[in-house]
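Coordinates from input_0.txt are shown below (compact mmCIF, C-alpha atoms and all ligand atoms).
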```
# COMPACT_ATOMS: atom_id res chain seq x y z
CA MET A 14 -7.88 -8.06 29.43
CA SER A 15 -6.13 -6.39 26.48
CA ARG A 16 -2.38 -5.97 26.58
CA SER A 17 -1.29 -2.40 27.28
CA LEU A 18 0.27 -0.47 24.43
CA LYS A 19 3.97 0.29 24.56
CA TYR A 20 4.62 3.89 23.54
CA ASP A 21 8.42 3.96 23.64
CA ILE A 22 10.23 3.61 20.31
CA PRO A 23 13.35 1.41 20.62
CA GLY A 24 15.46 3.44 18.16
CA VAL A 25 14.75 6.12 15.56
CA ASP A 26 11.10 7.13 15.34
CA TRP A 27 10.21 7.39 11.63
CA ARG A 28 6.61 8.45 12.15
CA ARG A 29 5.66 11.74 10.56
CA SER A 30 2.54 13.87 10.91
CA MET A 31 -0.21 14.33 8.35
CA ALA A 32 0.45 18.07 8.68
CA ASP A 33 4.08 17.60 7.54
CA ALA A 34 2.95 15.32 4.72
CA TYR A 35 0.49 18.00 3.54
CA GLU A 36 2.84 20.93 3.92
CA PHE A 37 6.05 19.46 2.52
CA GLY A 38 4.95 16.40 0.48
CA ILE A 39 5.88 12.77 1.01
CA HIS A 40 9.22 12.95 -0.78
CA SER A 41 10.51 15.63 1.59
CA LEU A 42 9.90 13.30 4.54
CA PHE A 43 12.86 11.20 3.31
CA GLU A 44 15.28 14.12 2.97
CA PRO A 45 18.18 14.55 3.61
CA ASP A 46 18.71 10.75 3.83
CA TYR A 47 17.50 10.41 0.23
CA THR A 48 17.96 13.00 -2.47
CA ALA A 49 15.54 13.37 -5.36
CA PRO A 50 14.88 11.65 -7.63
CA PHE A 51 14.60 8.42 -5.63
CA PRO A 52 12.24 5.47 -6.10
CA LEU A 53 9.19 5.68 -3.86
CA VAL A 54 6.89 2.80 -2.92
CA VAL A 55 3.63 3.44 -1.05
CA GLU A 56 1.64 0.90 0.97
CA ILE A 57 -1.85 1.92 2.07
CA GLY A 58 -3.31 0.12 5.09
CA PHE A 59 -0.20 -1.82 6.16
CA GLY A 60 -1.94 -3.35 9.19
CA ARG A 61 0.55 -5.39 11.21
CA GLY A 62 3.25 -4.22 8.81
CA GLU A 63 5.19 -7.42 8.05
CA PHE A 64 4.82 -6.89 4.31
CA LEU A 65 6.25 -3.36 4.39
CA LEU A 66 9.06 -4.41 6.73
CA GLU A 67 10.14 -7.18 4.40
CA LEU A 68 9.95 -4.95 1.32
CA ALA A 69 12.00 -2.24 2.99
CA ALA A 70 14.64 -4.66 4.28
CA LYS A 71 15.10 -6.10 0.79
CA SER A 72 15.56 -2.73 -0.96
CA PRO A 73 17.51 -0.23 1.15
CA ASP A 74 17.88 2.18 -1.82
CA VAL A 75 14.13 2.47 -2.21
CA ALA A 76 12.04 4.80 -0.04
CA PHE A 77 8.97 3.12 1.50
CA PHE A 78 6.04 5.13 2.72
CA GLY A 79 3.35 3.47 4.84
CA VAL A 80 0.00 5.10 5.52
CA GLU A 81 -2.43 3.46 7.92
CA VAL A 82 -5.64 4.88 9.35
CA SER A 83 -5.16 3.20 12.76
CA TRP A 84 -2.74 5.19 14.91
CA LYS A 85 -2.21 2.15 17.16
CA ARG A 86 -1.00 0.13 14.19
CA VAL A 87 1.27 3.02 13.21
CA LEU A 88 2.70 3.09 16.73
CA LYS A 89 3.31 -0.68 16.74
CA MET A 90 4.85 -0.46 13.27
CA ALA A 91 7.12 2.41 14.34
CA ARG A 92 8.47 0.14 17.09
CA LYS A 93 9.11 -2.65 14.55
CA VAL A 94 10.81 -0.30 12.05
CA ALA A 95 13.05 1.09 14.80
CA ARG A 96 13.95 -2.37 16.06
CA ALA A 97 14.81 -3.46 12.51
CA GLU A 98 16.92 -0.30 12.08
CA LEU A 99 15.33 0.52 8.72
CA GLY A 100 16.12 4.09 7.67
CA ASN A 101 14.16 3.90 4.41
CA VAL A 102 10.65 3.81 5.91
CA ARG A 103 8.37 6.70 6.86
CA LEU A 104 4.97 6.23 8.47
CA VAL A 105 1.91 8.43 8.71
CA ALA A 106 -1.38 7.85 10.52
CA GLY A 107 -4.07 8.90 8.07
CA ARG A 108 -6.20 7.93 5.12
CA GLY A 109 -4.61 6.69 1.93
CA GLU A 110 -7.10 8.68 -0.15
CA ALA A 111 -5.91 11.96 1.39
CA ILE A 112 -2.24 11.08 0.97
CA LEU A 113 -2.69 10.33 -2.71
CA GLN A 114 -4.84 13.37 -3.34
CA ASP A 115 -2.84 16.01 -1.49
CA CYS A 116 0.69 14.84 -0.71
CA LEU A 117 2.03 13.18 -3.85
CA PRO A 118 2.90 14.86 -7.15
CA GLU A 119 1.87 13.32 -10.43
CA GLN A 120 4.17 10.62 -11.85
CA SER A 121 6.16 10.33 -8.63
CA VAL A 122 5.47 6.83 -7.27
CA GLN A 123 6.97 3.58 -8.49
CA GLU A 124 4.52 1.23 -6.79
CA ILE A 125 1.28 1.55 -4.85
CA TRP A 126 0.19 -1.46 -2.80
CA VAL A 127 -3.22 -1.93 -1.21
CA ASN A 128 -3.45 -5.37 0.37
CA PHE A 129 -6.73 -6.73 1.74
CA SER A 130 -8.45 -3.43 2.35
CA ASP A 131 -11.65 -3.64 4.34
CA PRO A 132 -14.58 -4.62 2.04
CA TRP A 133 -17.26 -2.88 4.15
CA PRO A 134 -19.91 -5.40 2.99
CA LYS A 135 -22.98 -3.55 4.33
CA ALA A 136 -24.59 -1.30 1.71
CA ALA A 137 -24.78 1.52 4.25
CA HIS A 138 -20.98 1.45 4.61
CA ALA A 139 -20.21 1.16 0.89
CA HIS A 140 -18.92 4.75 0.77
CA ARG A 141 -16.07 3.72 3.10
CA ARG A 142 -14.58 1.32 0.54
CA ILE A 143 -11.29 2.71 -0.64
CA PHE A 144 -11.69 1.62 -4.26
CA GLN A 145 -13.82 4.42 -5.66
CA PRO A 146 -13.31 5.99 -9.11
CA PRO A 147 -11.65 9.21 -7.80
CA PHE A 148 -9.15 7.21 -5.72
CA ILE A 149 -8.18 4.98 -8.65
CA HIS A 150 -7.94 7.98 -10.98
CA ARG A 151 -5.60 9.74 -8.57
CA ALA A 152 -3.52 6.56 -8.16
CA ALA A 153 -3.13 6.46 -11.95
CA GLN A 154 -1.97 10.08 -11.94
CA VAL A 155 0.66 9.70 -9.21
CA LEU A 156 2.20 6.55 -10.71
CA GLU A 157 5.41 6.96 -12.69
CA PRO A 158 5.07 5.94 -16.37
CA ALA A 159 6.71 2.59 -15.50
CA GLY A 160 4.88 2.32 -12.17
CA VAL A 161 2.38 -0.28 -11.01
CA LEU A 162 -0.73 -0.36 -8.84
CA LYS A 163 -1.03 -3.66 -6.96
CA ILE A 164 -4.23 -4.62 -5.16
CA ALA A 165 -5.19 -7.84 -3.35
CA THR A 166 -8.48 -8.94 -1.87
CA ASP A 167 -9.93 -12.17 -0.52
CA ASP A 168 -13.53 -10.97 -0.83
CA PRO A 169 -15.19 -12.18 -4.07
CA ILE A 170 -17.89 -9.48 -4.09
CA TYR A 171 -15.33 -6.75 -3.43
CA ALA A 172 -13.15 -8.24 -6.19
CA VAL A 173 -15.98 -7.64 -8.69
CA GLN A 174 -16.32 -4.03 -7.55
CA ILE A 175 -12.57 -3.47 -7.69
CA ASP A 176 -12.51 -4.87 -11.22
CA GLU A 177 -15.33 -2.54 -12.27
CA VAL A 178 -13.59 0.54 -10.91
CA LEU A 179 -10.16 -0.40 -12.26
CA SER A 180 -11.35 -1.38 -15.72
CA GLY A 181 -13.33 1.87 -15.93
CA GLU A 182 -10.21 4.00 -15.43
CA PRO A 183 -8.90 5.10 -18.85
CA LEU A 184 -5.42 5.96 -17.55
CA LEU A 185 -4.74 2.37 -16.46
CA HIS A 186 -4.07 -0.91 -18.25
CA ASN A 187 -4.70 -4.37 -16.78
CA VAL A 188 -1.49 -6.44 -16.87
CA HIS A 189 -3.53 -9.68 -16.73
CA ALA A 190 -6.09 -8.80 -19.41
CA PRO A 191 -8.34 -10.34 -20.61
CA ALA A 192 -8.55 -11.91 -17.12
CA PRO A 193 -9.49 -9.33 -14.46
CA CYS A 194 -6.87 -10.63 -12.01
CA ILE A 195 -4.85 -13.68 -11.04
CA GLY A 196 -5.36 -16.11 -8.15
CA GLU A 197 -1.73 -16.90 -7.43
CA ASP A 198 1.34 -14.68 -7.53
CA PRO A 199 4.35 -16.62 -6.25
CA ALA A 200 6.56 -13.52 -6.68
CA ARG A 201 4.70 -11.66 -3.92
CA ILE A 202 5.49 -11.50 -0.24
CA GLU A 203 2.52 -12.86 1.74
CA THR A 204 0.83 -10.41 4.10
CA SER A 205 -0.40 -11.62 7.48
CA TYR A 206 -4.04 -11.34 6.39
CA GLU A 207 -3.25 -13.34 3.27
CA GLN A 208 -1.79 -16.10 5.43
CA ASP A 209 -4.97 -16.08 7.54
CA TRP A 210 -7.26 -16.24 4.51
CA ARG A 211 -5.28 -19.00 2.84
CA THR A 212 -5.52 -21.05 6.02
CA GLU A 213 -9.29 -20.67 5.74
CA GLY A 214 -9.13 -21.87 2.13
CA ARG A 215 -10.24 -18.58 0.57
CA THR A 216 -9.39 -17.64 -3.01
CA ILE A 217 -7.21 -14.55 -3.35
CA HIS A 218 -7.60 -12.00 -6.16
CA PHE A 219 -4.48 -10.10 -7.27
CA PHE A 220 -4.91 -7.07 -9.53
CA ASP A 221 -1.97 -5.42 -11.30
CA TYR A 222 -2.52 -2.23 -13.28
CA VAL A 223 0.00 -0.01 -15.06
CA PRO A 224 -0.28 3.41 -16.70
CA GLN A 225 -2.03 3.06 -20.03
CA ASN A 226 0.36 5.07 -22.18
CA VAL A 227 3.45 2.93 -21.55
CA PRO A 228 4.54 0.40 -24.20
CA GLN A 229 3.64 -2.99 -22.73
CA ASN A 230 7.11 -4.47 -23.39
CA VAL A 231 8.74 -2.18 -20.80
CA PRO A 232 10.17 -4.52 -18.13
CA ARG A 233 8.69 -3.94 -14.71
CA LYS A 234 10.09 -5.34 -11.50
CA ALA A 235 8.09 -4.89 -8.36
CA ALA A 236 10.02 -4.26 -5.15
CA GLY A 237 7.50 -6.64 -3.57
CA ALA A 238 8.76 -9.57 -5.57
CA ALA A 239 9.89 -12.40 -3.31
CA SER A 240 13.61 -13.18 -3.07
CA GLU A 241 15.08 -14.16 -6.41
CA SER A 242 17.68 -16.52 -4.97
C1 LIG B 1 -7.84 -6.06 6.56
S1 LIG B 1 -6.50 -5.08 7.10
C2 LIG B 1 -5.14 -5.64 6.06
C3 LIG B 1 -3.78 -5.30 6.61
C4 LIG B 1 -2.57 -5.65 5.73
N1 LIG B 1 -2.59 -4.88 4.49
C5 LIG B 1 -2.48 -7.12 5.44
O1 LIG B 1 -2.75 -7.53 4.30
O2 LIG B 1 -2.09 -7.89 6.33
C6 LIG B 1 -6.87 -3.48 6.41
C7 LIG B 1 -6.02 -2.36 6.98
O3 LIG B 1 -6.24 -1.16 6.25
C8 LIG B 1 -6.41 -0.07 7.15
N2 LIG B 1 -7.23 0.92 6.42
C9 LIG B 1 -8.54 0.83 6.13
N3 LIG B 1 -8.95 1.89 5.41
C10 LIG B 1 -7.85 2.67 5.22
C11 LIG B 1 -7.61 3.91 4.54
N4 LIG B 1 -8.61 4.53 3.91
N5 LIG B 1 -6.37 4.42 4.54
C12 LIG B 1 -5.37 3.79 5.22
N6 LIG B 1 -5.52 2.61 5.88
C13 LIG B 1 -6.74 2.06 5.87
C14 LIG B 1 -7.05 -0.70 8.37
O4 LIG B 1 -6.84 0.06 9.54
C15 LIG B 1 -6.36 -2.06 8.42
O5 LIG B 1 -5.16 -2.02 9.18
```

Produce structure tokens that represent the structure in this file.
Amino acid sequence: MSRSLKYDIPGVDWRRSMADAYEFGIHSLFEPDYTAPFPLVVEIGFGRGEFLLELAAKSPDVAFFGVEVSWKRVLKMARKVARAELGNVRLVAGRGEAILQDCLPEQSVQEIWVNFSDPWPKAAHAHRRIFQPPFIHRAAQVLEPAGVLKIATDDPIYAVQIDEVLSGEPLLHNVHAPAPCIGEDPARIETSYEQDWRTEGRTIHFFDYVPQNVPQNVPRKAAGAASES
């Protein structure tokens, strides 16, 4: 028997509606606690949410926006964010593609993270894969000039597709070129799926892309870097 969902939020409820995100934009969801311009980090498909929680706890001056298509995961995450008393997180139940397309201005996001998105391996479901050319193009547009798009997958076939879509986007530059991606990134926080896949001995593929027009000697520091101490 499945455990029953708990609906009460033990503290401030930082969930927001898709309608508010559409009408007012993501940045407004952080006002008046944060006043523009403020750094904004977006995670799409946060799942159990540990990654976003750790990022947000490490950088209280940064605004973290989590979008997740499963409303149950958003509910569970809202309980965790409230319990952790994190005021710099906002959550929306919805699709990352829609958020990028309609709720974020161009050059407004410092980092976009998509960790272990579903590969939808059946050909009939291929259209559900998030990494399609229009999505990547929009991600490139909403990134700040010194921003970064960070993608991880454990699926080798999906990794090839992701590489094709990313390398075909003229607005983006591959940080790891000429390699398509890297297999280890000790600076990253591990997500719960990553821990599962590593236990199974799978290879992980980490892609890091930056806007093409930025001089490549500009220092970039991801909020998702693991503790420096
Ligand atoms: C395999 S899980 C990975 C969860 C987490 N990122 C991790 O690494 O532990 C993929 C998550 O992405 C969510 N998801 C799938 N498609 C999405 C979309 N288009 N927009 C937002 N979330 C999505 C799923 O509901 C699921 O929670």

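Proximity to ligand LIG 1 (chain B) was assessed for A:Leu18, A:Leu117, A:Ala111, A:Val173 counting all atoms listed in the file; the smallest distance is recorded for A:Ala111.
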
Could you give me the residues within 9 Å of ligand LIG 1 (chain B), counting only C-alpha atoms and all ligand atoms, as a PyMOL selection string?
chain A and resi 56-65+79-84+86+106-112+126-132+141-143+165-166+203-209

Go through A:Val102, A:Ala70, A:Ala95, A:Leu185 one by one, measure the shortest atom-to-atom distance of each to Leu53 (chain A) using only C-alpha atoms, and give the residue with the smallest value.
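Closest candidate: A:Val102.
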
Identify, on the basis of all atoms listed in the file, every residue whose closest approach to region 34-51 of chain A does not exceed 7 Å; exclude the query and any residue fewer than 6 positions from it along the same chain; express the result as a ChimeraX atom specification.
/A:75,115-117

Pick out the closest residue to Pro158 (chain A) from this set: A:Ile202, A:Leu104, A:Leu184, A:Val25. Count only C-alpha atoms.
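Ranked by minimum distance to Pro158 (chain A), first place goes to A:Leu184.
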
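Take the candidates A:Asn187, A:Thr212, A:Ser30, A:Asn226 and check each one against Leu162 (chain A) using only C-alpha atoms; the shortest distance goes to A:Asn187.
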